[in-house]
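This is query.txt (compact mmCIF, C-alpha atoms).
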```
# COMPACT_ATOMS: atom_id res chain seq x y z
CA MET A 1 20.41 -10.66 5.42
CA ASP A 2 19.90 -8.15 8.25
CA ASN A 3 21.33 -5.43 6.02
CA LEU A 4 18.81 -6.26 3.30
CA PHE A 5 15.94 -5.95 5.78
CA LEU A 6 17.31 -2.70 7.21
CA TYR A 7 17.77 -1.02 3.83
CA SER A 8 14.42 -2.27 2.55
CA ALA A 9 12.74 -0.74 5.61
CA LEU A 10 14.57 2.54 4.98
CA ILE A 11 13.47 2.60 1.32
CA ILE A 12 9.87 1.87 2.34
CA ALA A 13 9.99 4.75 4.84
CA LEU A 14 11.30 7.02 2.07
CA ILE A 15 8.46 5.94 -0.25
CA MET A 16 5.99 6.67 2.56
CA PHE A 17 7.39 10.20 2.83
CA VAL A 18 6.89 10.65 -0.93
CA SER A 19 3.26 9.52 -0.53
CA LEU A 20 2.89 11.94 2.39
CA PHE A 21 3.48 14.80 -0.04
CA ARG A 22 0.33 13.80 -1.95
CA ALA A 23 -1.60 13.50 1.32
CA VAL A 24 -0.55 17.00 2.44
CA ALA A 25 -0.58 18.94 -0.85
CA GLY A 26 -3.24 17.08 -2.85
CA PRO A 27 -5.60 19.50 -4.60
CA THR A 28 -8.84 17.68 -3.74
CA ILE A 29 -10.06 15.69 -0.76
CA LEU A 30 -9.91 12.38 -2.63
CA ASP A 31 -6.23 12.92 -3.41
CA ARG A 32 -5.61 13.11 0.32
CA ILE A 33 -7.52 9.86 0.80
CA ILE A 34 -5.31 8.22 -1.85
CA GLY A 35 -2.17 9.40 -0.06
CA VAL A 36 -3.35 8.09 3.30
CA ASN A 37 -4.31 4.76 1.69
CA ALA A 38 -0.85 4.42 0.11
CA ILE A 39 0.87 5.14 3.42
CA GLY A 40 -1.34 2.74 5.35
CA SER A 41 -0.92 -0.11 2.89
CA LYS A 42 2.88 0.25 3.01
CA THR A 43 2.83 -0.04 6.80
CA VAL A 44 2.13 -3.79 6.62
CA PRO A 45 5.48 -4.80 4.97
CA LEU A 46 7.26 -2.29 7.22
CA LEU A 47 5.86 -4.05 10.31
CA ILE A 48 6.86 -7.46 8.92
CA LEU A 49 10.39 -6.15 8.27
CA ILE A 50 10.62 -4.78 11.83
CA GLY A 51 9.56 -8.21 13.06
CA PHE A 52 12.31 -9.87 11.00
CA MET A 53 14.94 -7.43 12.29
CA TYR A 54 14.09 -7.90 15.97
CA GLU A 55 13.25 -11.63 15.51
CA ARG A 56 9.75 -11.18 16.92
CA VAL A 57 7.78 -11.96 13.77
CA GLU A 58 5.18 -14.03 15.61
CA MET A 59 4.15 -10.96 17.59
CA LEU A 60 4.35 -8.29 14.88
CA ILE A 61 2.57 -10.28 12.20
CA ASP A 62 -0.66 -10.09 14.20
CA ILE A 63 -0.21 -6.32 14.46
CA ALA A 64 0.32 -6.18 10.68
CA LEU A 65 -2.86 -8.18 10.05
CA ALA A 66 -4.89 -5.96 12.37
CA TYR A 67 -3.41 -2.87 10.73
CA ALA A 68 -4.38 -4.08 7.25
CA MET A 69 -7.99 -4.58 8.37
CA LEU A 70 -8.05 -1.18 10.14
CA ASN A 71 -6.66 0.61 7.08
CA PHE A 72 -9.27 -1.00 4.83
CA ILE A 73 -12.13 0.02 7.15
CA ALA A 74 -10.77 3.58 7.48
CA VAL A 75 -10.45 4.14 3.72
CA LEU A 76 -13.85 2.62 3.01
CA ALA A 77 -15.52 4.76 5.67
CA ALA A 78 -13.81 7.94 4.44
CA SER A 79 -14.78 7.36 0.80
CA ARG A 80 -18.38 6.54 1.77
CA PHE A 81 -18.54 9.66 3.94
CA PHE A 82 -17.46 11.94 1.10
CA GLN A 83 -19.65 10.22 -1.49
CA LYS A 84 -22.74 12.44 -1.41
CA ARG A 85 -20.87 15.68 -0.89
CA LYS A 86 -21.00 18.42 -3.50
CA GLY A 87 -17.94 20.32 -4.54
CA LEU A 88 -15.42 17.50 -4.19
CA ASP A 89 -13.85 18.44 -7.49
CA LYS A 90 -13.05 21.98 -6.39
CA GLU A 91 -9.52 22.65 -5.33
CA GLU A 92 -9.78 23.62 -1.72
CA GLU A 93 -7.79 26.33 -0.06
CA LEU A 94 -6.20 25.72 3.27
CA MET B 1 16.96 -19.70 -1.74
CA ILE B 2 18.35 -16.60 -0.07
CA TYR B 3 18.90 -15.04 -3.50
CA LEU B 4 15.25 -15.70 -4.36
CA THR B 5 14.24 -13.85 -1.18
CA GLY B 6 16.43 -10.88 -2.08
CA ILE B 7 15.26 -10.76 -5.69
CA LEU B 8 11.57 -10.87 -4.73
CA MET B 9 12.04 -8.20 -2.06
CA VAL B 10 13.87 -5.85 -4.44
CA ALA B 11 11.18 -6.43 -7.09
CA GLY B 12 8.49 -5.49 -4.57
CA LEU B 13 10.43 -2.35 -3.66
CA ILE B 14 10.69 -1.40 -7.34
CA PHE B 15 6.91 -1.77 -7.77
CA MET B 16 6.26 0.34 -4.66
CA PHE B 17 8.69 3.00 -5.92
CA GLY B 18 6.80 3.09 -9.22
CA ALA B 19 3.57 3.61 -7.28
CA ALA B 20 5.11 6.56 -5.42
CA VAL B 21 6.41 8.14 -8.64
CA GLY B 22 3.00 7.75 -10.26
CA LEU B 23 1.34 9.27 -7.19
CA ILE B 24 3.52 12.35 -7.49
CA ARG B 25 3.82 12.84 -11.24
CA LEU B 26 0.49 11.93 -12.84
CA PRO B 27 -1.86 14.78 -13.73
CA ASP B 28 -5.26 13.54 -12.62
CA PHE B 29 -7.06 12.00 -9.66
CA TYR B 30 -8.12 8.86 -11.55
CA SER B 31 -4.70 8.19 -13.07
CA ARG B 32 -3.02 8.68 -9.69
CA LEU B 33 -5.44 6.21 -8.16
CA HIS B 34 -4.72 3.74 -10.97
CA ALA B 35 -0.97 3.88 -10.36
CA ALA B 36 -1.31 3.65 -6.57
CA GLY B 37 -3.86 0.83 -6.54
CA MET B 38 -2.36 -1.54 -9.09
CA LEU B 39 1.32 -1.16 -8.25
CA ASP B 40 0.82 -1.22 -4.48
CA THR B 41 -1.06 -4.53 -4.66
CA THR B 42 1.62 -6.18 -6.82
CA GLY B 43 4.47 -4.86 -4.70
CA MET B 44 2.88 -6.06 -1.48
CA LEU B 45 2.22 -9.52 -2.92
CA LEU B 46 5.85 -9.87 -4.06
CA PHE B 47 7.03 -8.65 -0.67
CA ILE B 48 4.88 -11.10 1.27
CA ALA B 49 6.01 -13.94 -1.02
CA SER B 50 9.62 -13.09 -0.21
CA ALA B 51 8.86 -12.92 3.54
CA SER B 52 7.13 -16.31 3.54
CA ILE B 53 9.98 -17.93 1.60
CA TYR B 54 12.43 -16.50 4.13
CA THR B 55 10.35 -17.74 7.05
CA LEU B 56 10.08 -21.26 5.68
CA TRP B 57 13.74 -21.41 4.67
CA GLN B 58 15.12 -20.23 8.01
CA ASP B 59 13.92 -23.17 10.06
CA PHE B 60 11.28 -25.61 8.97
CA SER B 61 9.07 -26.26 11.99
CA LEU B 62 5.41 -26.09 12.95
CA ASP B 63 5.74 -22.50 14.19
CA SER B 64 7.18 -21.28 10.91
CA VAL B 65 4.43 -23.10 9.01
CA PHE B 66 1.83 -21.26 11.09
CA LEU B 67 3.67 -18.00 10.47
CA THR B 68 3.66 -18.65 6.73
CA ALA B 69 -0.06 -19.43 6.89
CA LYS B 70 -0.64 -16.04 8.53
CA LEU B 71 1.46 -14.35 5.84
CA VAL B 72 -0.55 -16.06 3.11
CA PHE B 73 -3.74 -14.94 4.86
CA ILE B 74 -2.47 -11.34 4.85
CA ALA B 75 -1.69 -11.68 1.11
CA VAL B 76 -5.20 -13.00 0.35
CA PHE B 77 -6.76 -10.26 2.48
CA ILE B 78 -4.80 -7.52 0.68
CA PHE B 79 -5.59 -9.05 -2.71
CA ILE B 80 -9.31 -8.76 -1.89
CA THR B 81 -9.43 -5.46 -0.02
CA SER B 82 -7.05 -3.23 -1.98
CA PRO B 83 -9.10 -3.27 -5.24
CA THR B 84 -12.25 -2.81 -3.14
CA ALA B 85 -10.85 0.34 -1.52
CA THR B 86 -9.73 1.63 -4.93
CA HIS B 87 -13.20 1.03 -6.34
CA ALA B 88 -14.84 2.82 -3.41
CA ILE B 89 -12.66 5.92 -3.92
CA VAL B 90 -13.36 5.94 -7.68
CA ASP B 91 -17.09 5.62 -6.95
CA ALA B 92 -16.93 8.63 -4.63
CA GLY B 93 -15.14 10.62 -7.34
CA ILE B 94 -17.62 9.70 -10.07
CA ARG B 95 -20.67 10.49 -7.92
CA ALA B 96 -19.16 13.86 -7.05
CA GLY B 97 -18.88 14.55 -10.77
CA MET B 98 -15.15 14.78 -11.26
CA GLU B 99 -14.16 14.90 -14.92
CA PRO B 100 -11.35 12.64 -16.13
CA TRP B 101 -8.27 14.43 -17.43
CA THR B 102 -8.06 14.72 -21.21
CA LYS B 103 -5.58 16.34 -23.51
CA LYS B 104 -6.57 19.90 -24.32
CA ASP B 105 -7.10 20.17 -28.09
CA ASN B 106 -7.03 23.84 -28.88
```
Please express what this file holds, its structure, as structure tokens.
Amino acid sequence: MDNLFLYSALIIALIMFVSLFRAVAGPTILDRIIGVNAIGSKTVPLLILIGFMYERVEMLIDIALAYAMLNFIAVLAASRFFQKRKGLDKEEEL
Amino acid sequence: MIYLTGILMVAGLIFMFGAAVGLIRLPDFYSRLHAAGMLDTTGMLLFIASASIYTLWQDFSLDSVFLTAKLVFIAVFIFITSPTATHAIVDAGIRAGMEPWTKKDN
């Protein structure tokens, strides 16, 4: 059962790296917001898995809950901030 | 019961992997957001279901019942907030005037 948790956590970390590509190389600003949202929402099961592996679920589940709320607030604030801005659909150059 | 935990966890991983593939491969902002929003929510719900079954099956006591209640609360919270975040991002895109991707017919 520990092996299942370990390999699931590794696969989730790999999926987060794949989402990081969209956050780094996304053509528009909103693509970057999508990538950050995908990474942040996958952090919650990763924290629960870390809690199962170290047998400290009762501590890490509160961190996961707080992280879910923080991620929601961050994405909502970012999308509201970019709402009135012109030129969001242009591909920006770094 | 341990097989049910494993099956649910692997199913959640498959949904999350589909979300990552859609995030990389799809051509447009709206379609990428569709793949990420829908599949992430389903994968997380399956994952949290597997975690709560594991918690209850390991030892059935008052502490594990509280832990499962917290997990269910996380699931309900994600089920409410993830579509809300998706809708907020789509709203920002539509107000900025981004055109949805269509097949070029020429």
Distance query B:Ala36 at most 8 Å, all atoms listed in the file, self and fewer than 3 positions along chain excluded, as number ranges by chain: A: 34, 38; B: 19-20, 22-23, 32-33, 39-40
Pick the closest to B:His34 from B:Asp63, B:Asp91, B:Pro83, B:Ile7: which is it, counting only C-alpha atoms?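 When distances to B:His34 are compared using only C-alpha atoms, the smallest one comes from B:Pro83.
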Near chain A, meaning an atom within 8 Å, which residues of chain B appear when counting all atoms listed in the file? Write them as a ChimeraX atom specification. /B:6,9-10,13,16-17,20,23-24,29,33,36,40,44,47-48,51,67,70-71,74,78,81-82,85,88-89,91-93,95-98
Kindly export the residues of the current selection with C-alpha atoms, as a short mmCIF file (atom, residue, chain, number, x, y, z; two decimals), in the frame of the given file.
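Once everything was written out, this is result.cif:
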```cif
data_model
loop_
_atom_site.label_atom_id
_atom_site.label_comp_id
_atom_site.auth_asym_id
_atom_site.auth_seq_id
_atom_site.Cartn_x
_atom_site.Cartn_y
_atom_site.Cartn_z
CA GLY B 6 16.43 -10.88 -2.08
CA MET B 9 12.04 -8.20 -2.06
CA VAL B 10 13.87 -5.85 -4.44
CA LEU B 13 10.43 -2.35 -3.66
CA MET B 16 6.26 0.34 -4.66
CA PHE B 17 8.69 3.00 -5.92
CA ALA B 20 5.11 6.56 -5.42
CA LEU B 23 1.34 9.27 -7.19
CA ILE B 24 3.52 12.35 -7.49
CA PHE B 29 -7.06 12.00 -9.66
CA LEU B 33 -5.44 6.21 -8.16
CA ALA B 36 -1.31 3.65 -6.57
CA ASP B 40 0.82 -1.22 -4.48
CA MET B 44 2.88 -6.06 -1.48
CA PHE B 47 7.03 -8.65 -0.67
CA ILE B 48 4.88 -11.10 1.27
CA ALA B 51 8.86 -12.92 3.54
CA LEU B 67 3.67 -18.00 10.47
CA LYS B 70 -0.64 -16.04 8.53
CA LEU B 71 1.46 -14.35 5.84
CA ILE B 74 -2.47 -11.34 4.85
CA ILE B 78 -4.80 -7.52 0.68
CA THR B 81 -9.43 -5.46 -0.02
CA SER B 82 -7.05 -3.23 -1.98
CA ALA B 85 -10.85 0.34 -1.52
CA ALA B 88 -14.84 2.82 -3.41
CA ILE B 89 -12.66 5.92 -3.92
CA ASP B 91 -17.09 5.62 -6.95
CA ALA B 92 -16.93 8.63 -4.63
CA GLY B 93 -15.14 10.62 -7.34
CA ARG B 95 -20.67 10.49 -7.92
CA ALA B 96 -19.16 13.86 -7.05
CA GLY B 97 -18.88 14.55 -10.77
CA MET B 98 -15.15 14.78 -11.26
#
```
Can you tell me how far atom CA of A:Arg32 sits from atom CA of B:Thr41, in Å to one decimal? 18.9 Å
Report, in Å with one decimal, the straight-line distance from atom CA of B:Lys104 to atom CA of B:Pro27.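 Distance reported for this atom pair: 12.7 Å.
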Between atom CA of B:Thr68 and atom CA of B:Leu56 - distance in Å to one decimal: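 So the two atoms, atom CA of B:Leu56 and atom CA of B:Thr68, lie 7.0 Å apart.
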Write out as a VMD selection string the residues lying within 6 Å of B:Thr5, counting only C-alpha atoms and excluding same-chain residues fewer than 3 positions away. chain B and resid 2 8 50
For B:Gly12, which residue among B:Leu45, B:Val65, B:Met38, B:Leu26 is the nearest when counting only C-alpha atoms?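 Distance minimum relative to B:Gly12 lands on B:Leu45.
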